[in-house]
Amino acid sequence: MNTQSSIAIVGAGLFGRLLAWRLARLNHRVTLFERGTPELPNSPAYIAAGMVAPWCESIEATTEVIRLGHISLNLWPKWLDELARDSGEPRVHTTQGTYVVAHPLDLADWQHFVNQVQSHHFLQHAQVGGILNTETLTQDAPELAHFNQALYLPDEIAIDNRSLLHSLMRALQRMQVIWHSDTLLTITEVLNLSTRFDHVFDCRGLGAKDALPTLRGVRGEVLRIHCPQVQLTRVVRLIHPRYQLYIAPRANHEFVIGATSIESESMNGISVRSSMELMSALVTVSPHFFEATVLEAKSHCRPALPDHNPLCEQNIKHPKLWHINGLYRHGFMLSPAWIAHVLTHFFLRKSYEIID
Ligand SMILES: Cc1cc2nc3c(=O)[nH]c(=O)nc-3n(C[C@H](O)[C@H](O)[C@H](O)COP(=O)(O)OP(=O)(O)OC[C@H]3O[C@@H](n4cnc5c(N)ncnc54)[C@H](O)[C@@H]3O)c2cc1C
């Protein structure tokens with residue numbers, strides 16, 4: 001294997017910067033091109049909840065996505081240890097475990113959800129903590145005791161998305177990855193990079209529509225709140241007939257509250273309707289949330305392909321170019337497993353080229 005390839009990655013969002021880091025660890029010379037600033041305040045990854053929740057997502061996700069999510073769950077702890085060493089930053093904070101709850105009128109939907117999750121063939125008994133009753137909830141999460149029961153999924157995690165993006169940026173700086181920010185590239189310009197680099201990865205998310213015409217954006221809106229009155233330290237999912245609410249805790253009593261899922265590519269700010277729906281559902285989980293301060297209300301679009309599976313495709317006409325996309329609502333859940341998949345393909349194809 002040639003360990004000194006020069007590699008261009010276009011798009012330093014979640015996937016692009018994770019891939020750059022893993023390739024730099026393999027001693028490749030990596031250059032990143034990103035239309036935004038390194039902190040990326042206007043990106044889906046910056047506003048995301050960072051949940052790695054294959055069991056909860058198994059209700060709607062494809063089998064392939066659940067399988068990859070399971071692999072990622074096992075890879076993330078090791079990757080976060082390595083990232084702390086490479087970046088010199090504290091280990092990125094994660095929360096452990098998910099509670100799935102519902103109000104009494106929605107218990108049939110909750111039971112259906114529980115049955116679906118428990119019937120999934122990837123799920124081992126050890127990964128379902130089981131159904132918690134009022135007594136256990138009173139000890140573990142007093143705010144949720146009034147629900148009387150919750151499904152507990154102990155191995156799902158939520159990653160502090162902003163610390164992750166920041167630590168990756170620091171690691172890449174320390175590993176001498178060249179970073180061109182404020183640099184927007186069209187597909188023609190991406191293709192031109194193949195005259196200067198051995199390999200080019202197009203990781204522009206929704207910005208890659210000029211290369212992938214079936215790519216679409218699915219709008220998501222979230223709130224970020226501060227609520228010292230609430231002590232929750234694990235993700236909570238509320239099963240609801242109209243919208244599914246999640247509460248993802250961050251450090252210092254901050255919470256990411258989400259998220260809508262709307263077939264629209266509008267990048268407008270959050271709508272009044274969505275804010276009201278999210279907030280109304282939120283205060284039914286705990287009335288303490290009435291006292292919360294709203295820190296942010298943001299929206300962005302998730303990059304989705306028609307089959308809702310991720311894509312890793314070598315360009316037929318330009319074999320130096322790889323298109324990676326379609327992470328949809330699962331960028332954090334899929335990325336480690338998908339990078340492992342991409343690198344396996346990449347190195348296999350490279351050895352075929354050498355054999356040819
Ligand atoms: C509200 C919300 C909540 C979410 N919650 C979760 C969650 O809990 N768990 C989970 O797994 N996933 C979640 N996601 C999904 C996750 O954020 C995405 O799957 C992920 O960000 C996609 O990663 P990406 O790198 O492919 O694309 P992006 O993160 O969009 O990165 C693409 C990058 O390319 C850059 N770019 C675009 N066009 C160009 C161009 N022409 N030239 C140069 N640069 C360009 C962009 O600026 C961007 O930095 C959520 C998304 C949203 C919107």
# chains A, B, ... in the order shown; residues from 1 in each chain; ligands from 1
>>> residues_near_ligand(ligand="ligand 1", cutoff="7 Å", atoms="only C-alpha atoms and all ligand atoms", output="PyMOL selection string")
chain A and resi 10-16+33-36+40+43-45+47-52+183-186+203-208+219-222+258-259+299-303+325-334
>>> closest_residue(among="A:Ala158, A:Leu305, A:Leu278, A:Ile316", to="Pro249 of chain A", atoms="only C-alpha atoms")
A:Ala158
>>> select_by_dssp(residues="segment 68-237 of chain A", states="alpha helix (DSSP H)", output="count of residues only")
59
>>> residues_around(residues="Arg174 of chain A", least_positions_apart="6", cutoff="10 Å", atoms="only C-alpha atoms", output="PyMOL selection string")
chain A and resi 86-88+168
>>> write_last_selection(atoms="N, CA and C atoms", output="tab-separated table (two decimals), in the first residue's frame")
chain	number	residue	atom	x	y	z
A	86	ASP	N	-4.78	12.83	19.61
A	86	ASP	CA	-4.31	13.53	18.41
A	86	ASP	C	-4.57	15.04	18.48
A	87	SER	N	-5.64	15.42	19.18
A	87	SER	CA	-6.02	16.84	19.19
A	87	SER	C	-5.41	17.59	20.37
A	88	GLY	N	-5.05	16.85	21.43
A	88	GLY	CA	-4.59	17.52	22.65
A	88	GLY	C	-5.75	18.16	23.40
A	168	LEU	N	-11.72	17.72	16.05
A	168	LEU	CA	-11.23	17.25	14.74
A	168	LEU	C	-10.41	18.35	14.06
>>> residues_around(residues="Leu238 of chain A", least_positions_apart="4", cutoff="8 Å", atoms="only C-alpha atoms", output="list of chain:residue names")
A:Val100, A:Val101, A:Ala102, A:Gln244, A:Leu245, A:Tyr246, A:Val285
>>> write_last_selection(atoms="N, CA and C atoms", output="PDB file, in the first residue's frame")
ATOM      1  N   VAL A 100     -37.027   5.748  26.384  1.00  0.00           N
ATOM      2  CA  VAL A 100     -38.135   5.988  25.448  1.00  0.00           C
ATOM      3  C   VAL A 100     -39.424   5.986  26.253  1.00  0.00           C
ATOM      4  N   VAL A 101     -40.152   7.102  26.227  1.00  0.00           N
ATOM      5  CA  VAL A 101     -41.350   7.259  27.063  1.00  0.00           C
ATOM      6  C   VAL A 101     -42.537   7.704  26.204  1.00  0.00           C
ATOM      7  N   ALA A 102     -43.743   7.601  26.794  1.00  0.00           N
ATOM      8  CA  ALA A 102     -44.959   8.100  26.129  1.00  0.00           C
ATOM      9  C   ALA A 102     -45.989   8.434  27.192  1.00  0.00           C
ATOM     10  N   GLN A 244     -42.088  13.217  16.884  1.00  0.00           N
ATOM     11  CA  GLN A 244     -41.267  12.501  17.852  1.00  0.00           C
ATOM     12  C   GLN A 244     -40.251  13.475  18.404  1.00  0.00           C
ATOM     13  N   LEU A 245     -40.303  13.649  19.698  1.00  0.00           N
ATOM     14  CA  LEU A 245     -39.395  14.614  20.337  1.00  0.00           C
ATOM     15  C   LEU A 245     -38.205  13.870  20.933  1.00  0.00           C
ATOM     16  N   TYR A 246     -37.015  14.475  20.819  1.00  0.00           N
ATOM     17  CA  TYR A 246     -35.901  13.971  21.629  1.00  0.00           C
ATOM     18  C   TYR A 246     -35.275  15.120  22.412  1.00  0.00           C
ATOM     19  N   VAL A 285     -42.846  16.641  29.019  1.00  0.00           N
ATOM     20  CA  VAL A 285     -41.872  15.692  29.581  1.00  0.00           C
ATOM     21  C   VAL A 285     -41.541  16.099  31.017  1.00  0.00           C
TER      22      VAL A 285
END
>>> residues_around(residues="Thr284 of chain A", least_positions_apart="4", cutoff="12 Å", atoms="only C-alpha atoms", output="PDB file with N, CA and C atoms, in the first residue's frame")
ATOM      1  N   VAL A 101     -40.152   7.102  26.227  1.00  0.00           N
ATOM      2  CA  VAL A 101     -41.350   7.259  27.063  1.00  0.00           C
ATOM      3  C   VAL A 101     -42.537   7.704  26.204  1.00  0.00           C
ATOM      4  N   ALA A 102     -43.743   7.601  26.794  1.00  0.00           N
ATOM      5  CA  ALA A 102     -44.959   8.100  26.129  1.00  0.00           C
ATOM      6  C   ALA A 102     -45.989   8.434  27.192  1.00  0.00           C
ATOM      7  N   HIS A 103     -46.868   9.346  26.858  1.00  0.00           N
ATOM      8  CA  HIS A 103     -47.975   9.683  27.764  1.00  0.00           C
ATOM      9  C   HIS A 103     -49.031   8.574  27.703  1.00  0.00           C
ATOM     10  N   PRO A 104     -49.887   8.465  28.745  1.00  0.00           N
ATOM     11  CA  PRO A 104     -50.842   7.347  28.814  1.00  0.00           C
ATOM     12  C   PRO A 104     -51.669   7.165  27.538  1.00  0.00           C
ATOM     13  N   GLU A 143     -37.291  13.121  36.884  1.00  0.00           N
ATOM     14  CA  GLU A 143     -38.140  13.948  36.005  1.00  0.00           C
ATOM     15  C   GLU A 143     -39.106  13.098  35.178  1.00  0.00           C
ATOM     16  N   LEU A 144     -38.743  11.806  34.985  1.00  0.00           N
ATOM     17  CA  LEU A 144     -39.551  10.952  34.100  1.00  0.00           C
ATOM     18  C   LEU A 144     -40.478  10.013  34.874  1.00  0.00           C
ATOM     19  N   HIS A 146     -43.225  10.268  36.304  1.00  0.00           N
ATOM     20  CA  HIS A 146     -44.670  10.347  36.047  1.00  0.00           C
ATOM     21  C   HIS A 146     -45.079   9.562  34.798  1.00  0.00           C
ATOM     22  N   PHE A 147     -44.119   9.110  34.000  1.00  0.00           N
ATOM     23  CA  PHE A 147     -44.476   8.300  32.818  1.00  0.00           C
ATOM     24  C   PHE A 147     -44.820   6.856  33.196  1.00  0.00           C
ATOM     25  N   LEU A 238     -39.569  10.930  23.242  1.00  0.00           N
ATOM     26  CA  LEU A 238     -40.998  10.898  23.547  1.00  0.00           C
ATOM     27  C   LEU A 238     -41.742  10.387  22.308  1.00  0.00           C
ATOM     28  N   ILE A 239     -42.460   9.277  22.474  1.00  0.00           N
ATOM     29  CA  ILE A 239     -43.279   8.761  21.376  1.00  0.00           C
ATOM     30  C   ILE A 239     -44.583   9.567  21.361  1.00  0.00           C
ATOM     31  N   HIS A 240     -44.868  10.114  20.199  1.00  0.00           N
ATOM     32  CA  HIS A 240     -46.009  11.026  20.101  1.00  0.00           C
ATOM     33  C   HIS A 240     -46.660  10.802  18.736  1.00  0.00           C
ATOM     34  N   LEU A 245     -40.303  13.649  19.698  1.00  0.00           N
ATOM     35  CA  LEU A 245     -39.395  14.614  20.337  1.00  0.00           C
ATOM     36  C   LEU A 245     -38.205  13.870  20.933  1.00  0.00           C
ATOM     37  N   GLU A 277     -44.512  23.484  18.505  1.00  0.00           N
ATOM     38  CA  GLU A 277     -44.697  22.037  18.657  1.00  0.00           C
ATOM     39  C   GLU A 277     -43.589  21.433  19.523  1.00  0.00           C
ATOM     40  N   LEU A 278     -42.345  21.832  19.236  1.00  0.00           N
ATOM     41  CA  LEU A 278     -41.227  21.288  20.020  1.00  0.00           C
ATOM     42  C   LEU A 278     -41.357  21.697  21.490  1.00  0.00           C
ATOM     43  N   MET A 279     -41.673  22.962  21.712  1.00  0.00           N
ATOM     44  CA  MET A 279     -41.755  23.446  23.105  1.00  0.00           C
ATOM     45  C   MET A 279     -42.950  22.827  23.839  1.00  0.00           C
ATOM     46  N   SER A 280     -44.099  22.682  23.139  1.00  0.00           N
ATOM     47  CA  SER A 280     -45.275  22.090  23.798  1.00  0.00           C
ATOM     48  C   SER A 280     -44.970  20.662  24.214  1.00  0.00           C
ATOM     49  N   HIS A 288     -40.553  21.485  34.514  1.00  0.00           N
ATOM     50  CA  HIS A 288     -39.386  22.335  34.810  1.00  0.00           C
ATOM     51  C   HIS A 288     -38.888  23.036  33.549  1.00  0.00           C
ATOM     52  N   PHE A 289     -39.158  22.432  32.390  1.00  0.00           N
ATOM     53  CA  PHE A 289     -38.683  23.050  31.149  1.00  0.00           C
ATOM     54  C   PHE A 289     -39.368  24.394  30.869  1.00  0.00           C
ATOM     55  N   PHE A 290     -40.484  24.681  31.558  1.00  0.00           N
ATOM     56  CA  PHE A 290     -41.104  26.003  31.405  1.00  0.00           C
ATOM     57  C   PHE A 290     -40.123  27.120  31.768  1.00  0.00           C
TER      58      PHE A 290
END
